Each structure stands twice: as C-alpha cells, then as structure tokens.
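J.: What follows is data-v3.cif; its format and atoms are mmCIF, C-alpha atoms and all ligand atoms; chains and numbers go by the auth columns.
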data_my_file
#
loop_
_atom_site.group_PDB
_atom_site.id
_atom_site.type_symbol
_atom_site.label_atom_id
_atom_site.label_comp_id
_atom_site.label_asym_id
_atom_site.label_seq_id
_atom_site.Cartn_x
_atom_site.Cartn_y
_atom_site.Cartn_z
_atom_site.B_iso_or_equiv
_atom_site.auth_seq_id
_atom_site.auth_asym_id
ATOM 1 C CA MET A 1 0.000 0.000 0.000 0.00 260 A
ATOM 2 C CA GLU A 2 1.499 3.293 -1.111 0.00 261 A
ATOM 3 C CA ASN A 3 2.115 5.994 1.465 0.00 262 A
ATOM 4 C CA CYS A 4 1.480 3.683 4.394 0.00 263 A
ATOM 5 C CA LEU A 5 4.115 4.225 7.075 0.00 264 A
ATOM 6 C CA PHE A 6 3.981 0.668 8.383 0.00 265 A
ATOM 7 C CA CYS A 7 4.068 -0.869 4.882 0.00 266 A
ATOM 8 C CA LYS A 8 7.257 1.173 4.374 0.00 267 A
ATOM 9 C CA ILE A 9 8.669 -0.130 7.654 0.00 268 A
ATOM 10 C CA ILE A 10 7.897 -3.719 6.588 0.00 269 A
ATOM 11 C CA ALA A 11 9.619 -3.055 3.242 0.00 270 A
ATOM 12 C CA GLY A 12 12.676 -1.675 5.058 0.00 271 A
ATOM 13 C CA GLU A 13 12.244 1.753 3.445 0.00 272 A
ATOM 14 C CA ILE A 14 11.961 3.295 6.895 0.00 273 A
ATOM 15 C CA PRO A 15 14.257 1.924 9.616 0.00 274 A
ATOM 16 C CA SER A 16 12.836 0.258 12.711 0.00 275 A
ATOM 17 C CA LYS A 17 14.069 -1.703 15.712 0.00 276 A
ATOM 18 C CA LYS A 18 12.889 -5.182 14.805 0.00 277 A
ATOM 19 C CA VAL A 19 11.749 -7.540 17.541 0.00 278 A
ATOM 20 C CA TYR A 20 10.271 -10.371 15.485 0.00 279 A
ATOM 21 C CA GLU A 21 9.581 -11.292 11.868 0.00 280 A
ATOM 22 C CA ASP A 22 8.098 -14.188 9.956 0.00 281 A
ATOM 23 C CA GLU A 23 6.364 -14.495 6.587 0.00 282 A
ATOM 24 C CA ASN A 24 3.142 -12.930 7.875 0.00 283 A
ATOM 25 C CA VAL A 25 4.114 -10.775 10.838 0.00 284 A
ATOM 26 C CA TYR A 26 6.496 -7.946 11.715 0.00 285 A
ATOM 27 C CA ALA A 27 7.106 -6.551 15.223 0.00 286 A
ATOM 28 C CA PHE A 28 9.193 -3.547 16.238 0.00 287 A
ATOM 29 C CA HIS A 29 9.726 -1.089 19.072 0.00 288 A
ATOM 30 C CA ASP A 30 7.418 1.926 19.124 0.00 289 A
ATOM 31 C CA ILE A 31 9.329 5.127 18.367 0.00 290 A
ATOM 32 C CA ASN A 32 7.554 6.973 21.187 0.00 291 A
ATOM 33 C CA PRO A 33 7.128 4.406 23.976 0.00 292 A
ATOM 34 C CA ASN A 34 4.295 4.769 26.482 0.00 293 A
ATOM 35 C CA ALA A 35 5.682 2.121 28.827 0.00 294 A
ATOM 36 C CA PRO A 36 9.134 0.660 29.600 0.00 295 A
ATOM 37 C CA ILE A 37 8.401 -1.907 26.872 0.00 296 A
ATOM 38 C CA HIS A 38 6.230 -0.818 23.957 0.00 297 A
ATOM 39 C CA VAL A 39 6.227 -2.970 20.843 0.00 298 A
ATOM 40 C CA LEU A 40 3.966 -2.862 17.777 0.00 299 A
ATOM 41 C CA VAL A 41 2.937 -6.102 16.083 0.00 300 A
ATOM 42 C CA ILE A 42 1.538 -5.862 12.561 0.00 301 A
ATOM 43 C CA PRO A 43 0.416 -8.097 9.705 0.00 302 A
ATOM 44 C CA LYS A 44 2.620 -7.790 6.602 0.00 303 A
ATOM 45 C CA VAL A 45 -0.465 -7.494 4.449 0.00 304 A
ATOM 46 C CA HIS A 46 -2.036 -4.033 4.577 0.00 305 A
ATOM 47 C CA ILE A 47 -5.246 -4.001 6.622 0.00 306 A
ATOM 48 C CA ALA A 48 -6.379 -0.498 7.572 0.00 307 A
ATOM 49 C CA SER A 49 -7.765 -1.322 11.025 0.00 308 A
ATOM 50 C CA ILE A 50 -9.559 -4.011 12.990 0.00 309 A
ATOM 51 C CA GLN A 51 -12.733 -2.690 11.387 0.00 310 A
ATOM 52 C CA GLU A 52 -11.431 -4.025 8.063 0.00 311 A
ATOM 53 C CA VAL A 53 -10.931 -7.611 9.230 0.00 312 A
ATOM 54 C CA THR A 54 -12.710 -10.035 6.891 0.00 313 A
ATOM 55 C CA GLU A 55 -12.949 -13.758 6.281 0.00 314 A
ATOM 56 C CA GLU A 56 -10.326 -13.279 3.541 0.00 315 A
ATOM 57 C CA ASN A 57 -7.668 -11.571 5.687 0.00 316 A
ATOM 58 C CA LEU A 58 -8.433 -13.311 8.969 0.00 317 A
ATOM 59 C CA SER A 59 -5.504 -15.697 8.590 0.00 318 A
ATOM 60 C CA ALA A 60 -3.092 -12.718 8.530 0.00 319 A
ATOM 61 C CA VAL A 61 -4.706 -11.346 11.680 0.00 320 A
ATOM 62 C CA SER A 62 -4.609 -14.679 13.473 0.00 321 A
ATOM 63 C CA ALA A 63 -0.932 -15.000 12.555 0.00 322 A
ATOM 64 C CA VAL A 64 -0.381 -11.756 14.476 0.00 323 A
ATOM 65 C CA LEU A 65 -2.411 -12.901 17.486 0.00 324 A
ATOM 66 C CA LYS A 66 -0.633 -16.236 17.520 0.00 325 A
ATOM 67 C CA VAL A 67 2.840 -14.724 17.932 0.00 326 A
ATOM 68 C CA ILE A 68 1.944 -12.026 20.478 0.00 327 A
ATOM 69 C CA PRO A 69 2.346 -14.395 23.479 0.00 328 A
ATOM 70 C CA ARG A 70 5.656 -15.630 22.088 0.00 329 A
ATOM 71 C CA ILE A 71 6.944 -12.088 21.582 0.00 330 A
ATOM 72 C CA ALA A 72 5.734 -11.094 25.056 0.00 331 A
ATOM 73 C CA LYS A 73 7.641 -14.024 26.521 0.00 332 A
ATOM 74 C CA GLU A 74 10.806 -13.072 24.664 0.00 333 A
ATOM 75 C CA LEU A 75 10.433 -9.524 25.982 0.00 334 A
ATOM 76 C CA GLY A 76 10.249 -10.901 29.535 0.00 335 A
ATOM 77 C CA LEU A 77 6.607 -9.897 30.006 0.00 336 A
ATOM 78 C CA ALA A 78 4.904 -13.276 30.306 0.00 337 A
ATOM 79 C CA GLU A 79 5.264 -13.668 34.064 0.00 338 A
ATOM 80 C CA ASN A 80 4.048 -10.259 35.265 0.00 339 A
ATOM 81 C CA GLY A 81 1.680 -9.627 32.390 0.00 340 A
ATOM 82 C CA TYR A 82 1.181 -6.947 29.810 0.00 341 A
ATOM 83 C CA ARG A 83 -1.494 -5.137 27.817 0.00 342 A
ATOM 84 C CA VAL A 84 -2.464 -5.546 24.159 0.00 343 A
ATOM 85 C CA ILE A 85 -4.286 -2.641 22.493 0.00 344 A
ATOM 86 C CA THR A 86 -5.491 -1.879 19.009 0.00 345 A
ATOM 87 C CA ASN A 87 -6.831 1.609 18.399 0.00 346 A
ATOM 88 C CA CYS A 88 -9.464 1.993 15.675 0.00 347 A
ATOM 89 C CA GLY A 89 -10.492 5.130 13.834 0.00 348 A
ATOM 90 C CA GLU A 90 -10.797 8.724 14.941 0.00 349 A
ATOM 91 C CA ASP A 91 -12.420 8.228 18.339 0.00 350 A
ATOM 92 C CA GLY A 92 -10.186 5.239 19.064 0.00 351 A
ATOM 93 C CA GLY A 93 -7.094 7.406 18.575 0.00 352 A
ATOM 94 C CA GLN A 94 -5.658 5.479 15.625 0.00 353 A
ATOM 95 C CA SER A 95 -2.920 7.561 14.018 0.00 354 A
ATOM 96 C CA VAL A 96 -1.444 4.988 11.599 0.00 355 A
ATOM 97 C CA LYS A 97 -3.977 3.366 9.274 0.00 356 A
ATOM 98 C CA HIS A 98 -2.336 -0.063 9.170 0.00 357 A
ATOM 99 C CA LEU A 99 -3.671 -2.548 11.720 0.00 358 A
ATOM 100 C CA HIS A 100 -1.315 -2.809 14.671 0.00 359 A
ATOM 101 C CA PHE A 101 -1.409 -4.281 18.141 0.00 360 A
ATOM 102 C CA HIS A 102 0.464 -2.442 20.866 0.00 361 A
ATOM 103 C CA ILE A 103 2.193 -4.639 23.464 0.00 362 A
ATOM 104 C CA LEU A 104 2.748 -2.558 26.581 0.00 363 A
ATOM 105 C CA GLY A 105 4.484 -3.718 29.725 0.00 364 A
ATOM 106 C CA GLY A 106 7.452 -3.575 32.028 0.00 365 A
ATOM 107 C CA LYS A 107 5.561 -1.847 34.835 0.00 366 A
ATOM 108 C CA LYS A 108 2.148 -1.971 36.483 0.00 367 A
ATOM 109 C CA LEU A 109 0.007 -0.102 33.966 0.00 368 A
ATOM 110 C CA PRO A 110 -2.762 2.309 34.974 0.00 369 A
ATOM 111 C CA VAL A 111 -6.213 0.764 34.633 0.00 370 A
ATOM 112 C CA THR A 112 -7.822 3.844 33.087 0.00 371 A
ATOM 113 C CA LEU A 113 -8.805 3.319 29.456 0.00 372 A
ATOM 114 C CA ALA A 114 -10.879 6.395 28.703 0.00 373 A
HETATM 115 P P1 LIG B . -1.827 4.432 17.018 0.00 401 B
HETATM 116 O O1 LIG B . -1.850 5.795 17.620 0.00 401 B
HETATM 117 O O2 LIG B . -2.181 4.461 15.542 0.00 401 B
HETATM 118 O O3 LIG B . -2.589 3.382 17.764 0.00 401 B
HETATM 119 O O4 LIG B . -0.332 3.949 17.131 0.00 401 B
HETATM 120 C C1 LIG B . 0.663 4.320 16.228 0.00 401 B
HETATM 121 C C2 LIG B . 1.972 4.145 16.939 0.00 401 B
HETATM 122 O O5 LIG B . 2.995 4.175 15.964 0.00 401 B
HETATM 123 C C3 LIG B . 2.274 5.243 17.950 0.00 401 B
HETATM 124 O O6 LIG B . 2.435 4.670 19.244 0.00 401 B
HETATM 125 C C4 LIG B . 3.547 5.887 17.417 0.00 401 B
HETATM 126 O O7 LIG B . 4.449 6.252 18.438 0.00 401 B
HETATM 127 C C5 LIG B . 4.110 4.808 16.519 0.00 401 B
HETATM 128 N N1 LIG B . 4.897 5.312 15.412 0.00 401 B
HETATM 129 C C6 LIG B . 4.569 6.344 14.578 0.00 401 B
HETATM 130 N N2 LIG B . 5.531 6.505 13.643 0.00 401 B
HETATM 131 C C7 LIG B . 6.479 5.566 13.897 0.00 401 B
HETATM 132 C C8 LIG B . 7.731 5.250 13.258 0.00 401 B
HETATM 133 O O8 LIG B . 8.151 5.845 12.262 0.00 401 B
HETATM 134 N N3 LIG B . 8.432 4.223 13.798 0.00 401 B
HETATM 135 C C9 LIG B . 7.995 3.527 14.892 0.00 401 B
HETATM 136 N N4 LIG B . 8.788 2.545 15.340 0.00 401 B
HETATM 137 N N5 LIG B . 6.831 3.800 15.510 0.00 401 B
HETATM 138 C C10 LIG B . 6.081 4.801 15.016 0.00 401 B
HETATM 139 ZN ZN ZN B . 0.148 -0.573 5.352 0.00 402 B
#
Could you take the file, read its structure, and then write that structure out as structure tokens?
T.:
Amino acid sequence: MENCLFCKIIAGEIPSKKVYEDENVYAFHDINPNAPIHVLVIPKVHIASIQEVTEENLSAVSAVLKVIPRIAKELGLAENGYRVITNCGEDGGQSVKHLHFHILGGKKLPVTLA
C-alpha cells in the first residue's frame, strides 16, 4: 500500500528496531514508547484497522495474534503480564492506518482506558 508508514517499515524503506519477523508478521519497538516496553505487532499485508478484518484476511490477523504471546515471553513480560491494544479510527485514537497491536508492559500499567 502506497504511502502507508507501516508498509514502508515492513519493506525496510523506513528503519525500525525489529523484535520479530516471519512471513506474515512484523514486530518492532514503538518510536515513542508509552511504557518501559512498547512494541507494535503488525500483519505484513495491509489491513487499515480491525474494522477491516474479513474472512479473507483473517488468517493474517490470526498469525499476528498467535505470535503475540511468544513475543511477550521473549520480551520478559509473560510472568508479570502486559497489555495488548489496538486503536481503531478517529475516536479510538488510531494515528497509523495499518492494523497494529500495541504490546505494553514492564511496569504496572494504569487501569484507566478512557
Ligand atoms: P496508534 O496511535 O495508531 O494506535 O499507534 C501508532 C503508533 O505508531 C504510535 O504509538 C507511534 O508512536 C508509533 N509510530 C509512529 N511513527 C512511527 C515510526 O516511524 N516508527 C515507529 N517505530 N513507531 C512509530
Ligand atoms: Zn500498510
């Protein structure tokens, strides 16, 4: 997808601090972390948001969900826990229109969501 920041990161056109990669999934450190550990996990195929998940692209999304626990473990978060967030659309605060799951952890996170 042209002009998509995360598609450019996947393509290596924009540098990122890679945490994990396989044929379907890419994970990297957030440039502006909101917690001691803040990683973004994305499907390699362009999906604009969770609102765009369909029967056809569900396998790409499940590939992302499948590796999140593994990535969290590698980051040392499995024992104490962590938070997974996907923001959607204007009210959800989504700033990059390529589906991404935030993994946040490394401290006790505030419970407030809104
Ligand atoms: P959103 O607000 O869409 O849920 O999350 C987008 C996230 O992408 C933000 O947490 C933001 O800090 C991160 N981000 C934006 N641009 C870049 C970038 O160029 N590199 C990296 N690693 N993260 C980025
Ligand atoms: Zn994209």
J.: For atom CA of A:Val278 and atom CA of A:Met260, quote the distance in Å rounded to one decimal.
T.: 22.4 Å
J.: Written as number ranges by chain, which residues does the PyMOL selection byres (((not hetatm)) within 8 of (chain B and resi 402)) give for the file shown?
T.: A: 260-267, 303-307, 356-358
J.: Give the residues close to ligand LIG 401 (chain B), within 9 Å, counting only C-alpha atoms and all ligand atoms; write them as a PyMOL selection string.
T.: chain A and resi 264-265+268+273-277+287-293+297-299+344-348+351-361
J.: Could you work out how far atom CA of A:Ala294 lies from atom CA of A:Leu363, giving the answer in Å with one decimal?
T.: 6.0 Å
J.: Kindly indicate which residue among A:Ala337, A:Thr371, A:Val343, A:Ile301 lies nearest to A:Ala286, using all atoms listed in the file for the distances.
T.: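 For A:Ala286, the nearest of the candidates is A:Ile301.
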J.: Could you tell me how far atom CA of A:Ala322 lies from atom CA of A:Gln310, in Å and to one decimal?
T.: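 Those two atoms sit 17.1 Å apart.
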J.: Please fill the gaps in stretch 346-368 of chain A so it has N, CA and C atoms, and write that as a PDB file, keeping the file's coordinate frame.
T.:
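The result, stored in result.pdb:
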ATOM      1  N   ASN A 346      -5.986   0.435  18.533  1.00  0.00           N
ATOM      2  CA  ASN A 346      -6.831   1.609  18.399  1.00  0.00           C
ATOM      3  C   ASN A 346      -7.479   1.578  17.016  1.00  0.00           C
ATOM      4  N   CYS A 347      -8.729   2.045  16.939  1.00  0.00           N
ATOM      5  CA  CYS A 347      -9.464   1.993  15.675  1.00  0.00           C
ATOM      6  C   CYS A 347     -10.160   3.323  15.419  1.00  0.00           C
ATOM      7  N   GLY A 348      -9.786   3.935  14.290  1.00  0.00           N
ATOM      8  CA  GLY A 348     -10.492   5.130  13.834  1.00  0.00           C
ATOM      9  C   GLY A 348     -10.239   6.362  14.682  1.00  0.00           C
ATOM     10  N   GLU A 349     -10.979   7.399  14.345  1.00  0.00           N
ATOM     11  CA  GLU A 349     -10.797   8.724  14.941  1.00  0.00           C
ATOM     12  C   GLU A 349     -10.989   8.700  16.462  1.00  0.00           C
ATOM     13  N   ASP A 350     -12.139   8.216  16.904  1.00  0.00           N
ATOM     14  CA  ASP A 350     -12.420   8.228  18.339  1.00  0.00           C
ATOM     15  C   ASP A 350     -11.518   7.252  19.096  1.00  0.00           C
ATOM     16  N   GLY A 351     -11.072   6.202  18.418  1.00  0.00           N
ATOM     17  CA  GLY A 351     -10.186   5.239  19.064  1.00  0.00           C
ATOM     18  C   GLY A 351      -8.745   5.724  19.165  1.00  0.00           C
ATOM     19  N   GLY A 352      -8.444   6.837  18.494  1.00  0.00           N
ATOM     20  CA  GLY A 352      -7.094   7.406  18.575  1.00  0.00           C
ATOM     21  C   GLY A 352      -6.095   6.740  17.656  1.00  0.00           C
ATOM     22  N   GLN A 353      -6.574   6.136  16.568  1.00  0.00           N
ATOM     23  CA  GLN A 353      -5.658   5.479  15.625  1.00  0.00           C
ATOM     24  C   GLN A 353      -4.978   6.525  14.753  1.00  0.00           C
ATOM     25  N   SER A 354      -3.646   6.568  14.812  1.00  0.00           N
ATOM     26  CA  SER A 354      -2.920   7.561  14.018  1.00  0.00           C
ATOM     27  C   SER A 354      -2.282   6.953  12.775  1.00  0.00           C
ATOM     28  N   VAL A 355      -2.004   5.659  12.775  1.00  0.00           N
ATOM     29  CA  VAL A 355      -1.444   4.988  11.599  1.00  0.00           C
ATOM     30  C   VAL A 355      -2.477   3.986  11.099  1.00  0.00           C
ATOM     31  N   LYS A 356      -2.857   4.154   9.823  1.00  0.00           N
ATOM     32  CA  LYS A 356      -3.977   3.366   9.274  1.00  0.00           C
ATOM     33  C   LYS A 356      -3.507   2.033   8.698  1.00  0.00           C
ATOM     34  N   HIS A 357      -2.738   1.314   9.480  1.00  0.00           N
ATOM     35  CA  HIS A 357      -2.336  -0.063   9.170  1.00  0.00           C
ATOM     36  C   HIS A 357      -2.493  -0.811  10.487  1.00  0.00           C
ATOM     37  N   LEU A 358      -3.341  -1.826  10.484  1.00  0.00           N
ATOM     38  CA  LEU A 358      -3.671  -2.548  11.720  1.00  0.00           C
ATOM     39  C   LEU A 358      -2.419  -2.861  12.534  1.00  0.00           C
ATOM     40  N   HIS A 359      -2.448  -2.502  13.798  1.00  0.00           N
ATOM     41  CA  HIS A 359      -1.315  -2.809  14.671  1.00  0.00           C
ATOM     42  C   HIS A 359      -1.805  -3.056  16.085  1.00  0.00           C
ATOM     43  N   PHE A 360      -1.128  -3.968  16.747  1.00  0.00           N
ATOM     44  CA  PHE A 360      -1.409  -4.281  18.141  1.00  0.00           C
ATOM     45  C   PHE A 360      -0.244  -3.779  18.975  1.00  0.00           C
ATOM     46  N   HIS A 361      -0.551  -2.918  19.931  1.00  0.00           N
ATOM     47  CA  HIS A 361       0.464  -2.442  20.866  1.00  0.00           C
ATOM     48  C   HIS A 361       0.642  -3.499  21.958  1.00  0.00           C
ATOM     49  N   ILE A 362       1.879  -3.864  22.253  1.00  0.00           N
ATOM     50  CA  ILE A 362       2.193  -4.639  23.464  1.00  0.00           C
ATOM     51  C   ILE A 362       2.861  -3.665  24.421  1.00  0.00           C
ATOM     52  N   LEU A 363       2.234  -3.491  25.580  1.00  0.00           N
ATOM     53  CA  LEU A 363       2.748  -2.558  26.581  1.00  0.00           C
ATOM     54  C   LEU A 363       3.029  -3.310  27.870  1.00  0.00           C
ATOM     55  N   GLY A 364       4.179  -3.045  28.477  1.00  0.00           N
ATOM     56  CA  GLY A 364       4.484  -3.718  29.725  1.00  0.00           C
ATOM     57  C   GLY A 364       5.769  -3.219  30.334  1.00  0.00           C
ATOM     58  N   GLY A 365       6.221  -3.946  31.339  1.00  0.00           N
ATOM     59  CA  GLY A 365       7.452  -3.575  32.028  1.00  0.00           C
ATOM     60  C   GLY A 365       7.212  -2.761  33.278  1.00  0.00           C
ATOM     61  N   LYS A 366       5.946  -2.487  33.583  1.00  0.00           N
ATOM     62  CA  LYS A 366       5.561  -1.847  34.835  1.00  0.00           C
ATOM     63  C   LYS A 366       4.073  -2.132  35.053  1.00  0.00           C
ATOM     64  N   LYS A 367       3.589  -1.821  36.268  1.00  0.00           N
ATOM     65  CA  LYS A 367       2.148  -1.971  36.483  1.00  0.00           C
ATOM     66  C   LYS A 367       1.452  -0.816  35.788  1.00  0.00           C
ATOM     67  N   LEU A 368       0.624  -1.134  34.787  1.00  0.00           N
ATOM     68  CA  LEU A 368       0.007  -0.102  33.966  1.00  0.00           C
ATOM     69  C   LEU A 368      -1.240   0.464  34.647  1.00  0.00           C
TER      70      LEU A 368
END
